[in-house]
Structures are given as C-alpha cells and as structure tokens.
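What follows is the content of protein08.txt, which has compact mmCIF, C-alpha atoms:
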# COMPACT_ATOMS: atom_id res chain seq x y z
CA MET A 1 58.15 91.73 102.49
CA ALA A 2 58.94 88.70 100.31
CA LYS A 3 62.01 88.98 98.09
CA ASN A 4 61.31 90.26 94.59
CA PHE A 5 61.22 87.68 91.79
CA SER A 6 63.97 89.28 89.73
CA GLN A 7 66.38 89.35 92.71
CA LEU A 8 66.39 85.61 93.37
CA SER A 9 69.10 83.67 91.55
CA VAL A 10 68.56 80.19 90.12
CA VAL A 11 70.72 78.61 92.84
CA ALA A 12 68.94 80.56 95.59
CA PHE A 13 65.58 79.45 94.20
CA GLN A 14 66.70 75.81 94.05
CA ILE A 15 67.95 75.98 97.66
CA LEU A 16 64.60 77.37 98.83
CA LEU A 17 62.83 74.65 96.86
CA ALA A 18 65.06 71.95 98.38
CA LEU A 19 64.33 73.24 101.87
CA SER A 20 60.59 73.40 101.27
CA LEU A 21 60.24 69.70 102.12
CA LYS A 22 62.24 69.56 105.34
CA PRO A 23 65.34 71.04 107.04
CA ARG A 24 68.56 69.84 105.39
CA HIS A 25 72.31 70.25 105.72
CA GLY A 26 74.61 71.35 102.88
CA TYR A 27 75.25 67.99 101.26
CA GLU A 28 71.56 67.04 101.42
CA ILE A 29 70.65 70.36 99.77
CA MET A 30 73.14 69.65 96.97
CA GLN A 31 71.73 66.16 96.43
CA GLN A 32 68.13 67.44 96.42
CA ILE A 33 68.97 70.16 93.88
CA GLU A 34 70.64 67.60 91.63
CA GLU A 35 67.60 65.35 91.91
CA ASP A 36 65.09 68.20 91.40
CA THR A 37 66.84 69.42 88.26
CA SER A 38 67.67 65.93 86.93
CA GLY A 39 71.36 66.77 87.20
CA ARG A 40 71.10 69.99 85.15
CA ILE A 41 72.22 72.08 88.11
CA LYS A 42 75.22 70.86 90.08
CA ILE A 43 76.74 73.20 92.60
CA GLY A 44 79.86 72.86 94.69
CA PRO A 45 80.25 73.67 98.39
CA GLY A 46 81.80 77.10 97.63
CA SER A 47 78.80 78.39 95.67
CA LEU A 48 76.36 76.59 97.95
CA TYR A 49 77.53 78.22 101.19
CA GLY A 50 77.97 81.59 99.48
CA THR A 51 74.29 81.51 98.50
CA ILE A 52 73.25 80.05 101.87
CA GLY A 53 75.02 83.01 103.51
CA GLU A 54 73.07 85.46 101.32
CA LEU A 55 69.77 83.72 102.08
CA VAL A 56 70.49 83.75 105.82
CA GLU A 57 71.35 87.45 105.61
CA GLU A 58 68.09 88.12 103.74
CA GLY A 59 66.19 86.22 106.44
CA LEU A 60 64.84 83.65 103.96
CA ILE A 61 66.41 80.67 105.73
CA VAL A 62 67.81 80.08 109.23
CA GLU A 63 69.91 77.49 110.96
CA SER A 64 67.48 74.86 112.16
CA SER A 65 67.01 73.99 115.80
CA LEU A 66 67.67 70.37 114.80
CA GLU A 67 70.75 68.86 116.46
CA PRO A 68 73.69 69.40 114.04
CA ALA A 69 75.08 66.18 112.54
CA GLY A 70 78.71 66.72 113.53
CA ARG A 71 79.89 69.83 111.72
CA ARG A 72 76.85 69.68 109.43
CA LYS A 73 74.30 72.36 110.33
CA TYR A 74 70.71 72.06 109.22
CA TYR A 75 68.90 74.92 107.50
CA GLU A 76 65.18 75.57 107.19
CA LEU A 77 62.86 78.08 105.53
CA THR A 78 61.58 81.06 107.48
CA ASN A 79 58.08 82.44 106.91
CA LYS A 80 59.63 85.10 104.70
CA GLY A 81 61.44 82.34 102.77
CA LYS A 82 58.19 80.41 102.31
CA ALA A 83 56.43 83.58 101.07
CA THR A 84 59.31 84.31 98.66
CA LEU A 85 59.26 80.78 97.29
CA SER A 86 55.50 80.96 96.88
CA LEU A 87 55.76 84.30 95.06
CA GLU A 88 58.56 82.94 92.87
CA LEU A 89 56.48 79.89 91.95
CA SER A 90 53.44 82.05 91.10
CA ASN A 91 55.63 84.21 88.88
CA ILE A 92 57.07 81.15 87.14
CA GLU A 93 53.55 79.76 86.69
CA ALA A 94 52.33 83.04 85.18
CA THR A 95 55.39 83.23 82.89
CA LEU A 96 54.88 79.60 81.83
CA LYS A 97 51.20 80.25 81.05
CA LEU A 98 52.08 83.33 79.01
CA GLY A 99 54.85 81.44 77.20
CA LYS A 100 52.48 78.59 76.33
CA GLU A 101 49.86 80.99 75.02
CA ARG A 102 52.40 82.79 72.89
CA THR A 103 54.04 79.68 71.48
CA ALA A 104 50.60 78.20 70.76
CA GLY A 105 49.85 81.37 68.75
CA VAL A 106 53.13 81.00 66.90
CA SER A 107 52.41 77.32 66.03
CA THR A 108 48.93 78.22 64.76
CA LEU A 109 50.43 81.03 62.69
CA ASN A 110 53.14 78.71 61.35
CA GLY A 111 50.47 76.14 60.49
CA ALA A 112 48.44 78.80 58.60
CA VAL A 113 51.52 79.95 56.65
CA ALA A 114 52.42 76.37 55.73
CA MET B 1 91.68 61.34 100.27
CA ARG B 2 93.13 62.90 103.41
CA MET B 3 95.74 64.77 101.35
CA SER B 4 93.13 66.06 98.89
CA LEU B 5 91.12 67.39 101.82
CA GLN B 6 94.20 69.03 103.29
CA ILE B 7 94.84 70.80 99.98
CA TYR B 8 91.17 71.79 99.88
CA ARG B 9 91.37 73.16 103.43
CA LEU B 10 94.49 75.11 102.46
CA LEU B 11 92.59 76.67 99.55
CA CYS B 12 89.66 77.43 101.88
CA SER B 13 92.03 79.45 104.04
CA LEU B 14 91.92 82.08 101.25
CA TYR B 15 88.33 82.90 102.17
CA PRO B 16 87.84 86.03 104.33
CA LYS B 17 88.30 85.35 108.06
CA ALA B 18 84.67 86.00 109.05
CA TYR B 19 83.36 83.77 106.26
CA ARG B 20 85.75 80.99 107.27
CA ALA B 21 84.71 81.21 110.90
CA ARG B 22 81.11 80.72 109.86
CA TYR B 23 81.24 78.25 106.97
CA GLU B 24 84.65 76.56 106.69
CA ASP B 25 83.70 73.56 108.83
CA GLN B 26 80.48 73.10 106.91
CA ILE B 27 82.24 73.43 103.55
CA MET B 28 84.81 70.83 104.64
CA ALA B 29 82.07 68.49 105.91
CA THR B 30 80.22 68.79 102.58
CA ALA B 31 83.45 68.13 100.64
CA GLU B 32 84.06 65.06 102.83
CA ASP B 33 80.51 63.82 102.15
CA MET B 34 81.02 64.28 98.41
CA LEU B 35 84.29 62.34 98.48
CA SER B 36 82.84 59.59 100.68
CA ALA B 37 79.97 59.15 98.22
CA ALA B 38 82.40 58.70 95.30
CA SER B 39 82.23 55.04 94.29
CA SER B 40 85.64 54.65 92.63
CA PRO B 41 89.05 56.36 92.55
CA ILE B 42 88.24 57.82 89.12
CA VAL B 43 84.98 59.34 90.38
CA ARG B 44 86.84 60.58 93.45
CA SER B 45 89.45 62.31 91.24
CA THR B 46 86.65 63.94 89.23
CA VAL B 47 85.01 65.15 92.46
CA ILE B 48 88.32 66.54 93.76
CA THR B 49 88.95 68.35 90.45
CA LYS B 50 85.44 69.85 90.51
CA LEU B 51 85.84 70.88 94.16
CA VAL B 52 89.16 72.60 93.54
CA PHE B 53 88.10 74.35 90.31
CA GLU B 54 84.84 75.56 91.85
CA LEU B 55 86.59 77.27 94.75
CA PRO B 56 88.50 80.26 93.21
CA GLY B 57 85.35 81.97 91.86
CA SER B 58 83.66 81.60 95.23
CA ILE B 59 86.75 82.88 97.09
CA ILE B 60 87.00 85.97 94.86
CA LYS B 61 83.28 86.65 95.33
CA GLN B 62 83.53 86.41 99.12
CA GLN B 63 86.67 88.59 99.14
CA VAL B 64 84.79 91.24 97.15
CA VAL B 65 81.82 91.00 99.54
CA ALA B 66 84.17 91.30 102.54
CA ALA B 67 85.92 94.29 100.98
CA GLN B 68 82.60 96.04 100.31
CA HIS B 69 81.63 95.62 103.97
CA SER B 70 84.97 96.86 105.29
CA PRO B 71 85.93 100.57 105.00
CA ALA B 72 89.62 99.72 104.69
CA GLY B 73 89.06 96.91 102.19
CA GLY B 74 88.91 93.21 103.04
CA ILE B 75 92.04 92.45 101.10
CA VAL B 76 94.21 94.56 103.40
CA MET B 77 95.43 91.55 105.38
CA GLN B 78 96.37 89.65 102.23
CA GLY B 79 97.90 92.87 100.85
CA ASP B 80 100.08 93.01 103.93
CA LYS B 81 101.23 89.43 103.39
CA LEU B 82 101.88 90.13 99.71
CA ALA B 83 103.92 93.20 100.66
CA ARG B 84 106.14 90.91 102.74
CA LEU B 85 106.42 88.55 99.79
CA ASN B 86 107.42 91.52 97.63
CA ALA B 87 110.07 92.51 100.17
CA LEU B 88 111.50 88.98 99.89
CA LEU B 89 111.43 89.20 96.10
CA MET B 90 113.34 92.48 96.13
CA ALA B 91 115.85 91.58 98.84
CA PRO B 92 118.20 89.68 96.46
CA PHE B 93 118.54 92.87 94.36
CA PHE B 94 120.05 94.80 97.26
CA VAL B 95 122.14 91.84 98.43
CA LEU B 96 123.60 91.28 94.95
CA ILE B 97 124.29 94.98 94.35
CA ALA B 98 126.06 95.23 97.73
CA LEU B 99 128.02 92.01 97.18
CA ASN B 100 129.00 93.10 93.67
CA ALA B 101 130.54 96.27 95.08
CA TYR B 102 132.90 94.30 97.33
CA VAL B 103 133.35 90.91 95.66
CA ARG B 104 133.99 91.28 91.94
CA THR B 105 133.53 87.56 91.21
CA VAL B 106 129.84 88.00 92.02
CA ALA B 107 129.53 89.54 88.55
CA THR B 108 130.33 86.15 87.04
CA TRP B 109 127.22 84.60 88.62
CA HIS B 110 125.35 85.69 85.56
CA THR B 111 122.19 83.63 86.00
CA VAL B 112 121.95 84.53 89.68
CA MET B 113 122.46 88.22 88.83
CA TYR B 114 119.86 88.02 86.06
CA ILE B 115 117.27 86.43 88.36
CA GLY B 116 118.00 88.62 91.39
CA ILE B 117 118.38 91.92 89.58
CA VAL B 118 115.90 91.64 86.73
CA VAL B 119 113.42 88.77 87.12
CA LEU B 120 112.49 88.99 90.82
CA PRO B 121 111.95 92.79 90.85
CA ILE B 122 109.75 92.47 87.74
CA ILE B 123 107.67 89.81 89.55
CA ALA B 124 107.51 92.09 92.60
CA LEU B 125 106.34 94.97 90.40
CA ALA B 126 103.66 92.78 88.78
CA VAL B 127 102.42 91.58 92.19
CA GLY B 128 102.52 95.04 93.79
CA ALA B 129 100.88 96.84 90.88
CA SER B 130 98.14 94.26 90.35
CA VAL B 131 97.27 94.05 94.07
CA SER B 132 97.26 97.86 94.36
CA ILE B 133 94.91 98.13 91.35
CA TRP B 134 92.76 95.35 92.84
CA VAL B 135 92.55 97.16 96.19
CA ILE B 136 91.55 100.40 94.43
CA PHE B 137 88.93 98.53 92.41
CA LEU B 138 87.49 96.91 95.54
CA ASN B 139 87.27 100.18 97.44
CA MET B 140 85.84 102.37 94.68
CA ASP B 141 82.10 102.49 94.25
CA ARG B 142 80.28 104.20 91.41
CA THR B 143 79.98 107.47 93.25
CA ALA B 144 83.60 107.61 94.45
CA SER B 145 85.85 110.30 93.04
CA TYR B 146 89.33 109.57 91.68
CA ARG B 147 90.61 111.78 94.49
CA ARG B 148 89.89 108.84 96.78
CA ILE B 149 92.64 106.73 95.17
CA PRO B 150 95.54 108.25 97.21
CA VAL B 151 93.50 107.68 100.40
CA ILE B 152 92.93 104.03 99.49
CA LEU B 153 96.62 103.59 98.65
CA ALA B 154 97.63 105.30 101.90
CA ARG B 155 95.45 102.84 103.82
CA ASN B 156 97.16 100.00 101.98
CA TRP B 157 100.58 101.63 102.15
CA GLN B 158 102.51 98.38 102.58
CA ILE B 159 101.60 96.93 99.19
CA ALA B 160 101.54 100.37 97.50
CA SER B 161 105.05 101.23 98.70
CA SER B 162 106.36 97.80 97.72
CA ALA B 163 104.98 98.41 94.21
CA LEU B 164 106.67 101.83 94.09
CA LEU B 165 109.99 100.39 95.25
CA ALA B 166 109.76 97.60 92.67
CA LEU B 167 109.01 100.23 90.00
CA PHE B 168 112.05 102.21 91.08
CA ILE B 169 114.28 99.09 90.91
CA VAL B 170 112.98 98.04 87.49
CA GLY B 171 113.37 101.60 86.22
CA PHE B 172 116.88 101.80 87.63
CA VAL B 173 117.92 98.43 86.18
CA PHE B 174 116.63 99.15 82.70
CA GLY B 175 117.84 102.75 82.77
CA HIS B 176 121.37 101.86 83.83
CA ASP B 177 123.97 101.66 81.07
CA SER B 178 125.30 98.30 82.29
CA VAL B 179 121.88 96.67 82.04
CA HIS B 180 123.05 94.53 79.10
CA CYS B 181 125.45 92.81 81.49
CA VAL B 182 122.58 91.15 83.27
CA THR B 183 119.88 91.06 80.63
CA ASP B 184 122.03 89.21 78.08
CA ASN B 185 121.01 85.66 77.37
CA PRO B 186 122.30 83.65 80.37
CA ALA B 187 123.25 80.74 78.08
CA GLN B 188 125.49 83.06 76.04
CA ALA B 189 126.91 84.58 79.19
CA ALA B 190 127.83 81.14 80.48
CA GLN B 191 129.73 80.48 77.23
CA HIS B 192 131.66 83.75 77.58
CA PRO B 193 132.25 84.24 81.29
CA SER B 194 135.28 86.50 80.80
CA GLN B 195 133.33 88.86 78.54
CA THR B 196 130.51 89.05 81.08
CA LEU B 197 132.96 89.82 83.86
CA ARG B 198 134.58 92.53 81.76
CA CYS B 199 131.19 93.96 80.94
CA VAL B 200 130.35 94.37 84.62
CA GLU B 201 133.82 95.66 85.49
CA HIS B 202 133.61 98.31 82.79
CA GLY B 203 129.87 99.02 83.34
Any chance you could put this one into structure tokens?
Amino acid sequence: MAKNFSQLSVVAFQILLALSLKPRHGYEIMQQIEEDTSGRIKIGPGSLYGTIGELVEEGLIVESSLEPAGRRKYYELTNKGKATLSLELSNIEATLKLGKERTAGVSTLNGAVA
Amino acid sequence: MRMSLQIYRLLCSLYPKAYRARYEDQIMATAEDMLSAASSPIVRSTVITKLVFELPGSIIKQQVVAAQHSPAGGIVMQGDKLARLNALLMAPFFVLIALNAYVRTVATWHTVMYIGIVVLPIIALAVGASVSIWVIFLNMDRTASYRRIPVILARNWQIASSALLALFIVGFVFGHDSVHCVTDNPAQAAQHPSQTLRCVEHG
C-alpha cells in the first residue's frame, strides 16, 4: 500500500518529486530539489542519504540499474514510490483547493465588514 | 580542498558502521561534487561550513536509529572507546597519588596535581555519566520498566564502571581533608610553594 500522506516528510516528498523525472544520484537530487523549491529547501549530504535510506527501506525508491558514475549510485522510484507520490500530490491538491475556498470566504467576509 | 574532505571523512567515521558501509562513499562523492561546483574560495568555505555543521544532527539521528535496531545499543562500540578514554583520564590520579607517597617533591607540582587529581577525574565523571545516561535513553522505549536500567548498564559495563570509578575518585578527592592543597588557586600556590608543600605534608 502507498505510504500515508502524514508520514512523508518534506524532504522525502521532494526526493520522490526529484526522482519522478528520471533516475538521479545524490548530488543531482540535491540540485533538482533546490531548483524545484527555488532554493527554499537546501539539504546537505547527511540529511539526504538519511532520508534516501528511509525511502529505500520503505520500498519507495531503489538503486537504479544504471551504471554507477564512480561512487555515485543512481536511485529511481518504485511503483510503490510512484503511487505514494501520486497520493501525496492528490492530497496537496485537495488541501490547496480547500485552502483557496476558505481564504476566498474570508476575503469576502472581510470585504463585507469593511 | 583535500584537507577539508579529509576532515569531513573523519567526521563521517562517527556514523554507525552499517550506515557507513552503505552510504559513506556516496556522501563523500556528493560532498566532492558540492565543493567542485563552488566557484570561488569564499563559496567553497561556505560550502565546507554548511557540510560540517549539517553532519552532527544526521550522525546523532543515525546513531539513534542504529541503537533502536540493536538489542545491546548501537553506541556500545563508542561507549567502549570512551571507557578507554576515561581510563586514560583517570590514570594520572593514581600515578600522582602513588608518586606523592614516595617522592615528596611531587606535592610542589601544584598545577600538575590540580589537573591530574581534580580536573581530569571530573572530566572522566562527566563523560562516563553522560554516556551512561545516553545509553540508557537509547535503550529504553516507552514500555520499558526502570528495572531494565541495571541490565542496560551491565551490557555497557565498561563505560558504566568507568563512570562509577570517576565518581569514587571525585568523591574521595572532595571528601578528603587535604583537598584544599590541590583545589587552591594554582596561581596562588605558585606564589607560595613552601606553603603548598607544607599543606600536603601535613594533610
């Protein structure tokens, strides 16, 4: 079963998102995360490989069959990882929609009060 | 750059063994990539600082994970090494006490006496006690009873016994009536060497 929304950390989510395009090694994942978040999330190798280890253990990513670039191993999403990412994105979408509806209500209310 | 990476590798050696076997090479390769991408020495220094400061949190986390997966506690190996460090810290106490019994002039080495008899055992006590508490913390889960503590300490007997010995030494030193001979301000003692000598002789 896909990993539950509330159990996926921000870094884990960003790693899954970075790997959704193609298999990458550690440094490429870091660069992609920085690009995806416009530099808001910067992680170091320590945190990166800690989270990669957890994701591998959960079966969400695996070492890719691509030839390693020296000591750099490539990682890719598993089917479970793809399902988890998809579920996570649906949840974010639903939360975003709800948030927009609520804040729209608040602005209308504020406008009425003013 | 090579030296920074060596320091970084040294810090990485604090990760648990299994984690190192799996990820150390990849962590080093990523650190090398980050440093190679740095455009100037200033940027490189910033990268090195970030790399080094990011590591301790990750090391502690992995040590905790390793300890949770190991029935004896993942910190046992480090506890063993720290017990040896504690033995080294306490050795001067016994050497100085023995020397003082046979060579009276040893009592005039006030600063040496102060460091060997008071400072080093206190450091050993701090190390031993904090590591013992840390080992207990790592091995206790929410359901564990306090009765498990002696079992955990028995498994980590090296560090636990070094903490007990350090406690005994510190207790002995501060309980002994001649403690003022070594705990006096070393600067003052240096100004009055004869008084210090007399103090020890009469203590």
For this session: Please provide the set of residues having any atom within 12 Å of Pro150 in chain B, restricted to all atoms listed in the file, with same-chain residues fewer than 6 positions apart removed, written as a PyMOL selection string.
Result: chain B and resi 132-133+135-136+139-140+156-157+160-161
Restricted to C-alpha atoms, what would the selected residues look like written as an mmCIF file, keeping the file's coordinate frame?
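Full text of out.cif as output:
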data_model
loop_
_atom_site.group_PDB
_atom_site.id
_atom_site.type_symbol
_atom_site.label_atom_id
_atom_site.label_comp_id
_atom_site.auth_asym_id
_atom_site.auth_seq_id
_atom_site.Cartn_x
_atom_site.Cartn_y
_atom_site.Cartn_z
ATOM 1 C CA SER B 132 97.260 97.860 94.360
ATOM 2 C CA ILE B 133 94.910 98.130 91.350
ATOM 3 C CA VAL B 135 92.550 97.160 96.190
ATOM 4 C CA ILE B 136 91.550 100.400 94.430
ATOM 5 C CA ASN B 139 87.270 100.180 97.440
ATOM 6 C CA MET B 140 85.840 102.370 94.680
ATOM 7 C CA ASN B 156 97.160 100.000 101.980
ATOM 8 C CA TRP B 157 100.580 101.630 102.150
ATOM 9 C CA ALA B 160 101.540 100.370 97.500
ATOM 10 C CA SER B 161 105.050 101.230 98.700
#
Could you build a table of the residues in chain A lying no more than 10 Å from chain B, giving for each the nearest pair of atoms and their separation in Å rounded to one decimal place, using all atoms listed in the file, ordered by chain and ascending residue number, as a tab-separated table?
residue	atom	partner	partner_atom	distance
A:His25	CA	B:Thr30	CA	8.6
A:Gly26	CA	B:Thr30	CA	6.2
A:Tyr27	CA	B:Thr30	CA	5.2
A:Glu28	CA	B:Thr30	CA	8.9
A:Met30	CA	B:Thr30	CA	9.1
A:Gln31	CA	B:Met34	CA	9.7
A:Ile43	CA	B:Glu54	CA	8.5
A:Gly44	CA	B:Leu51	CA	6.3
A:Pro45	CA	B:Ile27	CA	5.5
A:Gly46	CA	B:Ser58	CA	5.4
A:Ser47	CA	B:Ser58	CA	5.8
A:Leu48	CA	B:Ile27	CA	8.7
A:Tyr49	CA	B:Tyr23	CA	6.9
A:Gly50	CA	B:Ser58	CA	7.1
A:Thr51	CA	B:Ser58	CA	9.9
A:Ile52	CA	B:Tyr23	CA	9.6
A:Gly53	CA	B:Tyr23	CA	8.6
A:Ala69	CA	B:Ala29	CA	9.9
A:Gly70	CA	B:Ala29	CA	8.5
A:Arg71	CA	B:Gln26	CA	5.8
A:Arg72	CA	B:Gln26	CA	5.6
A:Lys73	CA	B:Gln26	CA	7.1
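Among B:Asn100, B:Ser145, B:Ser36, B:Ser162, the residue with the shortest atom-to-atom distance to Asn86 in chain B, counting only C-alpha atoms, is B:Ser162.
As for CA of Ser65 in chain A and CA of Leu5 in chain B, they are spaced 28.6 Å apart.
Separating CA of Pro23 in chain A from CA of Leu66 in chain A is a distance of 8.1 Å.
Across A:Gly39, A:Lys22, A:Phe13, A:Val62, the tightest approach to Thr84 in chain A is made by A:Phe13 when counting all atoms listed in the file.
Of the listed residues B:Ile7, B:Val112, B:Ala91, B:Ala66, the one whose atoms come nearest to Ala124 in chain B is B:Ala91, with distances taken using only C-alpha atoms.
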Please give the centre and size of the box around range 35-49 of chain A (axis-aligned, containing every atom listed in the file, 3 Å added per side), with values in Å to one decimal and written as lines of an AutoDock Vina configuration file.
center_x = 73.4
center_y = 71.9
center_z = 93.2
size_x = 22.7
size_y = 19.0
size_z = 22.0
Exercise. Leaving out Leu167 in chain B and any residue of its chain fewer than 4 positions from it, which residues lie within 12 Å of it when counting only C-alpha atoms, given as a PyMOL selection string?
Worked result: chain B and resi 86+90+118+120-129+160-163+171-175
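With all atoms listed in the file as the basis for measurement, A:Asn91 is the residue among A:Thr78, A:Ser38, A:Asn91, A:Gln32 that approaches Leu8 in chain A most closely.
What separates CA of Ile33 in chain A from CA of Val11 in chain A is a distance of 8.7 Å.
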